[in-house]
file upload13.txt (compact mmCIF, C-alpha atoms and all ligand atoms)
# COMPACT_ATOMS: atom_id res chain seq x y z
CA MET A 1 63.04 48.76 149.83
CA ILE A 2 63.45 51.77 152.10
CA LYS A 3 62.03 54.97 150.64
CA SER A 4 63.40 58.21 152.01
CA SER A 5 60.88 60.96 152.69
CA PRO A 6 61.53 64.42 151.19
CA PRO A 7 63.87 66.52 153.35
CA ALA A 8 62.24 69.08 155.64
CA PRO A 9 62.75 72.74 154.58
CA GLN A 10 65.21 73.16 157.45
CA ALA A 11 67.39 70.44 155.89
CA TYR A 12 67.84 72.58 152.77
CA VAL A 13 69.04 75.47 154.90
CA VAL A 14 71.57 73.12 156.52
CA LEU A 15 72.62 71.91 153.06
CA ASP A 16 73.02 75.52 151.84
CA ARG A 17 75.33 76.16 154.82
CA LYS A 18 77.34 72.98 154.11
CA ILE A 19 77.79 73.92 150.43
CA ALA A 20 78.92 77.44 151.40
CA ASP A 21 81.41 75.86 153.86
CA ALA A 22 82.67 73.50 151.15
CA LEU A 23 83.20 76.45 148.77
CA GLU A 24 85.08 78.30 151.52
CA LYS A 25 87.34 75.27 152.05
CA LEU A 26 87.99 75.03 148.31
CA SER A 27 88.81 78.71 148.13
CA GLN A 28 91.28 78.20 151.01
CA VAL A 29 92.88 75.34 149.06
CA LEU A 30 93.18 77.56 145.98
CA ARG A 31 94.68 80.37 148.06
CA THR A 32 97.21 77.95 149.60
CA LEU A 33 98.18 76.50 146.21
CA ALA A 34 98.54 80.00 144.70
CA TRP A 35 100.63 81.12 147.69
CA LYS A 36 102.92 78.06 147.39
CA GLN A 37 103.40 78.55 143.66
CA ALA A 38 103.96 82.31 143.97
CA THR A 39 106.50 81.83 146.80
CA GLU A 40 108.43 79.36 144.66
CA GLN A 41 108.54 82.02 141.94
CA SER A 42 109.49 84.83 144.37
CA ILE A 43 106.34 86.88 143.78
CA ASN A 44 103.08 87.20 145.72
CA PRO A 45 99.74 85.52 144.82
CA ILE A 46 98.05 88.60 143.36
CA GLN A 47 101.08 89.25 141.15
CA LEU A 48 100.88 85.62 139.98
CA GLN A 49 97.13 85.92 139.31
CA ILE A 50 97.63 89.07 137.23
CA LEU A 51 100.40 87.44 135.19
CA ILE A 52 98.19 84.38 134.58
CA PHE A 53 95.27 86.62 133.61
CA LEU A 54 97.48 88.41 131.05
CA LEU A 55 98.67 85.05 129.72
CA ARG A 56 95.09 83.83 129.27
CA HIS A 57 93.86 87.05 127.61
CA PRO A 58 96.55 87.80 125.03
CA GLY A 59 94.41 89.84 122.63
CA GLN A 60 92.58 91.85 125.28
CA GLN A 61 93.12 95.54 126.09
CA VAL A 62 93.96 95.04 129.77
CA SER A 63 93.78 98.20 131.87
CA ILE A 64 94.03 98.94 135.60
CA SER A 65 90.21 99.28 135.74
CA LEU A 66 89.66 95.93 134.07
CA LEU A 67 92.02 94.19 136.52
CA ALA A 68 90.38 95.95 139.50
CA ASP A 69 86.98 94.66 138.31
CA GLU A 70 88.33 91.19 137.59
CA PHE A 71 89.90 90.69 141.01
CA ASN A 72 87.50 92.86 143.05
CA ILE A 73 90.45 94.91 144.32
CA SER A 74 90.80 98.71 144.43
CA LYS A 75 92.41 100.46 141.46
CA ALA A 76 95.06 101.87 143.83
CA SER A 77 96.15 98.35 144.93
CA ILE A 78 96.21 97.09 141.33
CA SER A 79 98.18 100.15 140.29
CA ASP A 80 100.81 99.45 143.00
CA THR A 81 101.03 95.79 141.93
CA ILE A 82 101.45 96.80 138.29
CA LYS A 83 104.25 99.21 139.23
CA LEU A 84 106.03 96.37 141.05
CA LEU A 85 105.60 93.95 138.15
CA GLU A 86 106.89 96.61 135.77
CA SER A 87 109.93 97.27 137.96
CA LYS A 88 110.67 93.52 137.85
CA ARG A 89 110.26 93.68 134.04
CA PHE A 90 107.47 91.08 133.99
CA ILE A 91 105.01 93.39 132.27
CA LYS A 92 105.17 96.38 129.93
CA LYS A 93 102.79 99.26 129.37
CA GLU A 94 101.61 100.11 125.88
CA TYR A 95 100.51 103.73 125.44
CA ALA A 96 97.86 104.41 122.78
CA LEU A 97 99.30 107.86 122.02
CA ALA A 98 102.52 109.42 123.22
CA SER A 99 100.56 112.37 124.63
CA THR A 100 98.07 110.33 126.67
CA ARG A 101 98.46 108.72 130.09
CA LYS A 102 96.16 105.85 129.11
CA PHE A 103 97.87 102.53 128.67
CA THR A 104 97.19 98.84 128.39
CA ILE A 105 99.25 96.14 130.08
CA GLN A 106 101.07 93.30 128.36
CA LEU A 107 103.39 90.51 129.44
CA SER A 108 107.10 90.84 128.70
CA ILE A 109 108.98 87.73 127.55
CA GLU A 110 110.13 87.14 131.16
CA GLY A 111 106.56 87.62 132.42
CA LYS A 112 105.23 85.15 129.89
CA GLU A 113 107.76 82.54 131.05
CA LEU A 114 106.84 83.12 134.69
CA ALA A 115 103.08 82.98 134.01
CA SER A 116 103.45 79.82 131.92
CA ALA A 117 105.28 78.13 134.79
CA GLY A 118 102.75 79.35 137.37
CA VAL A 119 99.54 78.64 135.47
CA VAL A 120 99.53 75.02 136.70
CA PHE A 121 99.25 76.09 140.37
CA ASP A 122 95.72 74.62 140.58
CA ALA A 123 96.62 71.32 138.84
CA ALA A 124 95.63 69.30 141.93
CA ILE A 125 92.11 70.77 141.83
CA VAL A 126 91.75 70.22 138.07
CA SER A 127 92.89 66.60 138.31
CA SER A 128 90.57 65.99 141.29
CA ILE A 129 87.64 67.33 139.26
CA GLY A 130 88.71 64.91 136.54
CA GLU A 131 87.96 62.06 138.96
CA ILE A 132 84.26 63.02 139.22
CA ASP A 133 81.90 61.15 136.88
CA THR A 134 80.63 63.08 133.86
CA ALA A 135 77.01 63.55 134.97
CA ASN A 136 78.01 64.91 138.38
CA LYS A 137 80.65 67.10 136.77
CA GLU A 138 78.08 68.61 134.40
CA ASN A 139 75.70 69.23 137.31
CA LEU A 140 78.52 70.83 139.26
CA PHE A 141 79.39 73.16 136.38
CA CYS A 142 75.71 74.09 136.00
CA SER A 143 75.29 74.83 139.69
CA LEU A 144 78.49 76.89 139.93
CA SER A 145 77.51 78.90 136.80
CA GLN A 146 74.09 79.64 138.31
CA LEU A 147 75.71 80.66 141.56
CA LEU A 148 78.10 83.07 139.79
CA LEU A 149 75.25 84.51 137.74
CA HIS A 150 73.15 85.10 140.84
CA LEU A 151 76.04 86.74 142.70
CA TYR A 152 76.55 89.02 139.70
CA ARG A 153 72.86 89.94 139.58
CA ILE A 154 72.77 90.90 143.24
CA ASP A 155 75.97 92.97 142.78
CA VAL A 156 78.20 90.83 144.97
CA ILE A 157 80.66 90.29 142.12
CA SER A 158 81.42 92.63 139.22
CA GLN A 159 81.12 92.06 135.49
CA GLN A 160 81.45 88.44 134.46
CA ARG A 161 82.15 87.55 130.84
CA MET A 162 79.62 84.72 130.92
CA CYS A 163 77.07 83.88 128.25
CA GLN A 164 73.97 84.74 130.28
CA THR A 165 75.22 88.33 130.75
CA CYS A 166 76.15 88.79 127.09
CA LYS A 167 74.23 90.77 124.47
CA TYR A 168 74.73 87.98 121.97
CA TYR A 169 73.01 85.46 124.24
CA GLU A 170 69.37 84.49 124.07
CA VAL A 171 67.13 81.61 124.98
CA LYS A 172 65.80 80.26 121.69
CA ASN A 173 63.36 77.36 121.56
CA THR A 174 64.16 76.88 125.27
CA LEU A 175 67.86 76.34 124.44
CA HIS A 176 70.93 78.54 124.94
CA TYR A 177 71.83 80.39 121.73
CA CYS A 178 74.78 82.62 120.76
CA ASN A 179 73.90 85.19 118.08
CA LEU A 180 77.58 85.86 117.37
CA LEU A 181 78.45 82.24 116.66
CA GLN A 182 74.90 81.68 115.38
CA GLN A 183 74.67 78.37 117.12
CA TYR A 184 72.91 76.61 119.97
CA MET A 185 75.01 75.70 122.98
CA GLY A 186 74.66 72.88 125.47
CA THR A 187 74.83 73.91 129.11
CA THR A 188 78.43 72.76 129.48
CA ALA A 189 79.43 74.80 126.41
CA LEU A 190 78.35 78.04 128.11
CA GLN A 191 81.30 80.38 128.60
CA LEU A 192 82.44 81.92 131.88
CA ASP A 193 85.22 84.08 130.40
CA CYS A 194 84.46 84.66 126.73
CA PRO A 195 86.76 87.03 124.79
CA ASP A 196 83.81 88.08 122.57
CA HIS A 197 81.49 88.86 125.48
CA LEU A 198 79.41 92.02 125.03
CA THR A 199 78.07 93.63 128.18
CA GLU A 200 74.37 93.48 128.92
CA ARG A 201 73.41 94.74 132.34
CA SER A 202 69.66 94.09 132.11
CA ILE A 203 69.07 90.39 131.87
CA PRO A 204 65.53 89.38 130.91
CA HIS A 205 65.70 85.66 131.59
CA GLU A 206 67.41 82.96 133.67
S1 LIG A 301 79.75 85.85 122.39
FE1 LIG A 301 80.68 84.50 123.92
S2 LIG A 301 79.73 85.10 125.88
FE2 LIG A 301 78.47 85.95 124.23
S3 LIG A 301 76.86 84.43 123.96
FE3 LIG A 301 78.47 84.01 122.44
S4 LIG A 301 79.81 82.48 123.43
FE4 LIG A 301 78.54 83.40 125.03
call {"tool": "encode", "arguments": {"input": "upload13.txt", "output": "structure tokens", "more": "lines below"}}
Ligand code: SF4
result
Amino acid sequence: MIKSSPPAPQAYVVLDRKIADALEKLSQVLRTLAWKQATEQSINPIQLQILIFLLRHPGQQVSISLLADEFNISKASISDTIKLLESKRFIKKEYALASTRKFTIQLSIEGKELASAGVVFDAAIVSSIGEIDTANKENLFCSLSQLLLHLYRIDVISQQRMCQTCKYYEVKNTLHYCNLLQQYMGTTALQLDCPDHLTERSIPHE
């Protein structure tokens, strides 16, 4: 039986590069799929992404700032996109008080229909992931979560509504624990976009 020797440190650097290249290719695929779907619906990809975000966060107070953080785009660009979506009657603004300029953004009926049709733009990716065996899929989810968490910690990406950045989260008896739900969570039950997430900027543990 042939035993393989442990890879040299340089091999890990090469692997890191290959994984980064694979992620770049996947992000290109996602961009292409989003572009195709958006074109079919006569809007542009960022407009589609905002409509899908609103569809997936129905109870949330969505503001320009929140969308700018979510998509890592300037408030000015988001504001222009929102004006366009409003002019097409896909979204509506809800003002807290008549006298204030502060508003939250909601889908109109037409916007909800458009978002519901567009939300399947990444179906090819989801079904391809479905072809991966369970153990590898769980490892993949774990690795991608760790990657997102690290990118958040080094300020490459903004606030993520994931468990490990949430005030309700703790490591209890070496397991993940949510103090809101008062239950332990397996690694694959960890959330990446939890509606109950409470911000915690200082994170004491991995
Ligand atoms: S509230 Fe949500 S994000 Fe926070 S620990 Fe519980 S499940 Fe995770």
call {"tool": "residues_around", "arguments": {"input": "upload13.txt", "residues": "Ala117 of chain A", "least_positions_apart": "3", "cutoff": "10 Å", "atoms": "all atoms listed in the file", "output": "JSON list (two decimals) with C-alpha atoms, in the frame of the given file"}}
result
[["chain", "number", "residue", "atom", "x", "y", "z"],
["A", 37, "GLN", "CA", 103.40, 78.55, 143.66],
["A", 41, "GLN", "CA", 108.54, 82.02, 141.94],
["A", 52, "ILE", "CA", 98.19, 84.38, 134.58],
["A", 111, "GLY", "CA", 106.56, 87.62, 132.42],
["A", 112, "LYS", "CA", 105.23, 85.15, 129.89],
["A", 113, "GLU", "CA", 107.76, 82.54, 131.05],
["A", 114, "LEU", "CA", 106.84, 83.12, 134.69],
["A", 120, "VAL", "CA", 99.53, 75.02, 136.70],
["A", 121, "PHE", "CA", 99.25, 76.09, 140.37]]
call {"tool": "atom_distance", "arguments": {"input": "upload13.txt", "atom1": "atom CA of Ala34 of chain A", "atom2": "atom CA of Gln47 of chain A"}}
result
10.2 Å
call {"tool": "residues_around", "arguments": {"input": "upload13.txt", "residues": "Ala38 of chain A", "least_positions_apart": "2", "cutoff": "12 Å", "atoms": "all atoms listed in the file", "output": "short mmCIF file (atom, residue, chain, number, x, y, z; two decimals) with C-alpha atoms, in the coordinates of the input"}}
result
data_model
loop_
_atom_site.label_atom_id
_atom_site.label_comp_id
_atom_site.auth_asym_id
_atom_site.auth_seq_id
_atom_site.Cartn_x
_atom_site.Cartn_y
_atom_site.Cartn_z
CA LEU A 30 93.18 77.56 145.98
CA ARG A 31 94.68 80.37 148.06
CA THR A 32 97.21 77.95 149.60
CA LEU A 33 98.18 76.50 146.21
CA ALA A 34 98.54 80.00 144.70
CA TRP A 35 100.63 81.12 147.69
CA LYS A 36 102.92 78.06 147.39
CA GLU A 40 108.43 79.36 144.66
CA GLN A 41 108.54 82.02 141.94
CA SER A 42 109.49 84.83 144.37
CA ILE A 43 106.34 86.88 143.78
CA ASN A 44 103.08 87.20 145.72
CA PRO A 45 99.74 85.52 144.82
CA ILE A 46 98.05 88.60 143.36
CA GLN A 47 101.08 89.25 141.15
CA LEU A 48 100.88 85.62 139.98
CA GLN A 49 97.13 85.92 139.31
CA ILE A 50 97.63 89.07 137.23
CA LEU A 51 100.40 87.44 135.19
CA ILE A 52 98.19 84.38 134.58
CA LEU A 114 106.84 83.12 134.69
CA ALA A 115 103.08 82.98 134.01
CA ALA A 117 105.28 78.13 134.79
CA GLY A 118 102.75 79.35 137.37
CA VAL A 119 99.54 78.64 135.47
CA VAL A 120 99.53 75.02 136.70
CA PHE A 121 99.25 76.09 140.37
CA ASP A 122 95.72 74.62 140.58
#
call {"tool": "closest_atom_pairs", "arguments": {"input": "upload13.txt", "of": "chain A", "to": "ligand LIG 301 (chain A)", "cutoff": "6 Å", "atoms": "only C-alpha atoms and all ligand atoms", "output": "CSV"}}
result
residue,atom,partner,partner_atom,distance
A:Met162,CA,A:LIG301,S2,5.1
A:Cys163,CA,A:LIG301,FE4,3.6
A:Cys166,CA,A:LIG301,FE2,4.7
A:Tyr168,CA,A:LIG301,S3,4.6
A:Tyr169,CA,A:LIG301,S3,4.0
A:Cys178,CA,A:LIG301,S3,4.2
A:Leu180,CA,A:LIG301,S1,5.5
A:Gln191,CA,A:LIG301,FE4,5.4
A:Cys194,CA,A:LIG301,FE1,4.7
A:Asp196,CA,A:LIG301,S1,4.6
A:His197,CA,A:LIG301,S2,4.2
call {"tool": "closest_residue", "arguments": {"input": "upload13.txt", "among": "A:Gln183, A:Ser158, A:Ser145, A:Thr39", "to": "Asp69 of chain A", "atoms": "all atoms listed in the file"}}
result
A:Ser158
call {"tool": "closest_residue", "arguments": {"input": "upload13.txt", "among": "A:Phe103, A:Tyr184, A:Tyr95, A:Phe90", "to": "Ser63 of chain A", "atoms": "only C-alpha atoms"}}
result
A:Phe103
call {"tool": "closest_residue", "arguments": {"input": "upload13.txt", "among": "A:Leu84, A:Ile157, A:Ile109, A:Thr188", "to": "Ala135 of chain A", "atoms": "only C-alpha atoms"}}
result
A:Thr188
call {"tool": "residues_near_point", "arguments": {"input": "upload13.txt", "point": "(68.7, 74.8, 127.2)", "cutoff": "8 Å", "atoms": "all atoms listed in the file", "output": "ChimeraX atom specification"}}
result
/A:171,174-176,185-187
call {"tool": "closest_residue", "arguments": {"input": "upload13.txt", "among": "A:Leu66, A:Leu85, A:Ser77, A:Ile125", "to": "Ser27 of chain A", "atoms": "all atoms listed in the file"}}
result
A:Ile125
call {"tool": "atom_distance", "arguments": {"input": "upload13.txt", "atom1": "atom CA of Ile64 of chain A", "atom2": "atom CA of Thr100 of chain A"}}
result
15.0 Å
call {"tool": "atom_distance", "arguments": {"input": "upload13.txt", "atom1": "atom CA of Ala96 of chain A", "atom2": "atom CA of Gly59 of chain A"}}
result
15.0 Å
call {"tool": "axis_aligned_box", "arguments": {"input": "upload13.txt", "around": "segment 50-59 of chain A", "padding_each_side": "3 Å", "output": "JSON"}}
result
{"center_x": 97.1, "center_y": 86.8, "center_z": 129.9, "size_x": 12.5, "size_y": 12.0, "size_z": 20.6}
call {"tool": "residues_around", "arguments": {"input": "upload13.txt", "residues": "Leu67 of chain A", "least_positions_apart": "3", "cutoff": "10 Å", "atoms": "only C-alpha atoms", "output": "NGL selection string"}}
result
:A and (50 or 53-54 or 62-64 or 70-75 or 78-79 or 82 or 105)
call {"tool": "closest_atom_pairs", "arguments": {"input": "upload13.txt", "of": "segment 124-151 of chain A", "to": "segment 13-26 of chain A", "cutoff": "12 Å", "atoms": "only C-alpha atoms", "output": "tab-separated table"}}
result
residue	atom	partner	partner_atom	distance
A:Ala124	CA	A:Leu26	CA	11.5
A:Ile125	CA	A:Leu26	CA	8.8
A:Val126	CA	A:Leu26	CA	11.9
A:Ser128	CA	A:Leu26	CA	11.7
A:Ile129	CA	A:Leu26	CA	11.9
A:Leu140	CA	A:Ile19	CA	11.6
A:Ser143	CA	A:Ile19	CA	11.1
A:Leu144	CA	A:Leu23	CA	10.0
A:Leu147	CA	A:Ala20	CA	10.8
call {"tool": "write_last_selection", "arguments": {"input": "upload13.txt", "atoms": "C-alpha atoms", "output": "PDB file, in the frame of the given file"}}
result
ATOM      1  CA  ALA A 124      95.630  69.300 141.930  1.00  0.00           C
ATOM      2  CA  ILE A 125      92.110  70.770 141.830  1.00  0.00           C
ATOM      3  CA  VAL A 126      91.750  70.220 138.070  1.00  0.00           C
ATOM      4  CA  SER A 128      90.570  65.990 141.290  1.00  0.00           C
ATOM      5  CA  ILE A 129      87.640  67.330 139.260  1.00  0.00           C
ATOM      6  CA  LEU A 140      78.520  70.830 139.260  1.00  0.00           C
ATOM      7  CA  SER A 143      75.290  74.830 139.690  1.00  0.00           C
ATOM      8  CA  LEU A 144      78.490  76.890 139.930  1.00  0.00           C
ATOM      9  CA  LEU A 147      75.710  80.660 141.560  1.00  0.00           C
TER      10      LEU A 147
END
call {"tool": "closest_residue", "arguments": {"input": "upload13.txt", "among": "A:Ile154, A:Leu55, A:Asn173, A:Asn139", "to": "Glu110 of chain A", "atoms": "all atoms listed in the file"}}
result
A:Leu55
call {"tool": "closest_residue", "arguments": {"input": "upload13.txt", "among": "A:Ala189, A:Asn179, A:Lys92, A:Leu198", "to": "Cys142 of chain A", "atoms": "all atoms listed in the file"}}
result
A:Ala189
call {"tool": "build_atoms", "arguments": {"input": "upload13.txt", "residues": "segment 167-182 of chain A", "atoms": "N, CA and C atoms", "output": "compact mmCIF listing (two decimals), in the coordinates of the input"}}
result
# COMPACT_ATOMS: atom_id res chain seq x y z
N LYS A 167 75.24 90.28 125.41
CA LYS A 167 74.23 90.77 124.47
C LYS A 167 73.94 89.78 123.35
N TYR A 168 74.92 88.96 123.06
CA TYR A 168 74.73 87.98 121.97
C TYR A 168 73.92 86.76 122.41
N TYR A 169 73.68 86.66 123.71
CA TYR A 169 73.01 85.46 124.24
C TYR A 169 71.49 85.60 124.22
N GLU A 170 70.82 84.53 123.88
CA GLU A 170 69.37 84.49 124.07
C GLU A 170 68.92 83.04 124.29
N VAL A 171 67.73 82.94 124.86
CA VAL A 171 67.13 81.61 124.98
C VAL A 171 66.22 81.45 123.77
N LYS A 172 66.54 80.47 122.93
CA LYS A 172 65.80 80.26 121.69
C LYS A 172 65.26 78.84 121.69
N ASN A 173 63.97 78.71 121.51
CA ASN A 173 63.36 77.36 121.56
C ASN A 173 63.76 76.63 122.83
N THR A 174 63.79 77.36 123.93
CA THR A 174 64.16 76.88 125.27
C THR A 174 65.62 76.41 125.38
N LEU A 175 66.44 76.73 124.37
CA LEU A 175 67.86 76.34 124.44
C LEU A 175 68.74 77.58 124.46
N HIS A 176 69.97 77.43 124.94
CA HIS A 176 70.93 78.54 124.94
C HIS A 176 71.37 78.79 123.49
N TYR A 177 71.45 80.07 123.11
CA TYR A 177 71.83 80.39 121.73
C TYR A 177 72.77 81.60 121.71
N CYS A 178 73.85 81.49 120.92
CA CYS A 178 74.78 82.62 120.76
C CYS A 178 74.54 83.23 119.37
N ASN A 179 74.16 84.51 119.35
CA ASN A 179 73.90 85.19 118.08
C ASN A 179 75.18 85.57 117.35
N LEU A 180 76.31 85.58 118.06
CA LEU A 180 77.58 85.86 117.37
C LEU A 180 78.03 84.61 116.60
N LEU A 181 78.04 83.50 117.31
CA LEU A 181 78.45 82.24 116.66
C LEU A 181 77.33 81.65 115.81
N GLN A 182 76.10 82.18 116.05
CA GLN A 182 74.90 81.68 115.38
C GLN A 182 74.77 80.18 115.57
